[in-house]
Amino acid sequence: MMTAASIASTDMGLLLQDDVFVDFFNVFLSLPIFGQTPLYISGMGRWCLWPELPSHLDASPAALLAWLGKHRLPHFCKSSLCLHLVLCQKLLAFIRSGEAAELLNWHSADQWLLERCIGGSQ
């Protein structure tokens, strides 16, 4: 039986500042079970929706974040993707620590490459 993973916050605005979270959450949101696919583009700080929302619905960023926090984030936290996210974040925290550099005797290029390999869901 899988339990819900513990993420740092349930504040969507705060979570979206973490590129690793964004990567994993976008993968979750693009699962075919969901009819609407919101995709967050970190570099631009905006959402793309496919298909577009009907005109009578509120598509403002605040309304979308509230809806995602209520209807998608709880399911994400119960998914294996969230467990992978938490593991990835713990590994990245270790990689970025001085302890890791000393223990593994690596150079900044080694750290950079390992961060890129671990820092995403793909």
# chains A, B, ... in the order shown; residues from 1 in each chain; ligands from 1
>>> residues_around(residues="Ser42 of chain A", least_positions_apart="4", cutoff="10 Å", atoms="only C-alpha atoms", output="number ranges by chain")
A: 16-19, 22-23, 46-47
>>> residues_around(residues="Gln111 of chain A", least_positions_apart="4", cutoff="8 Å", atoms="only C-alpha atoms", output="list in words")
Ile95, Arg96, Ala101, Trp106, His107 and Glu115 of chain A
>>> select_by_dssp(residues="chain A", states="strand (DSSP E)", output="number ranges by chain")
A: 37-41, 46-50
>>> select_by_dssp(residues="segment 19-120 of chain A", states="alpha helix (DSSP H)", output="MDAnalysis selection string")
chainID A and resid 19:29 61:71 73:77 80:95 98:104 108:118
>>> closest_residue(among="A:Pro54, A:Gly98, A:Pro32, A:Pro38", to="Leu68 of chain A", atoms="only C-alpha atoms")
A:Pro38
>>> closest_residue(among="A:Met44, A:Leu113, A:Val86, A:Leu31", to="Ser9 of chain A", atoms="only C-alpha atoms")
A:Val86
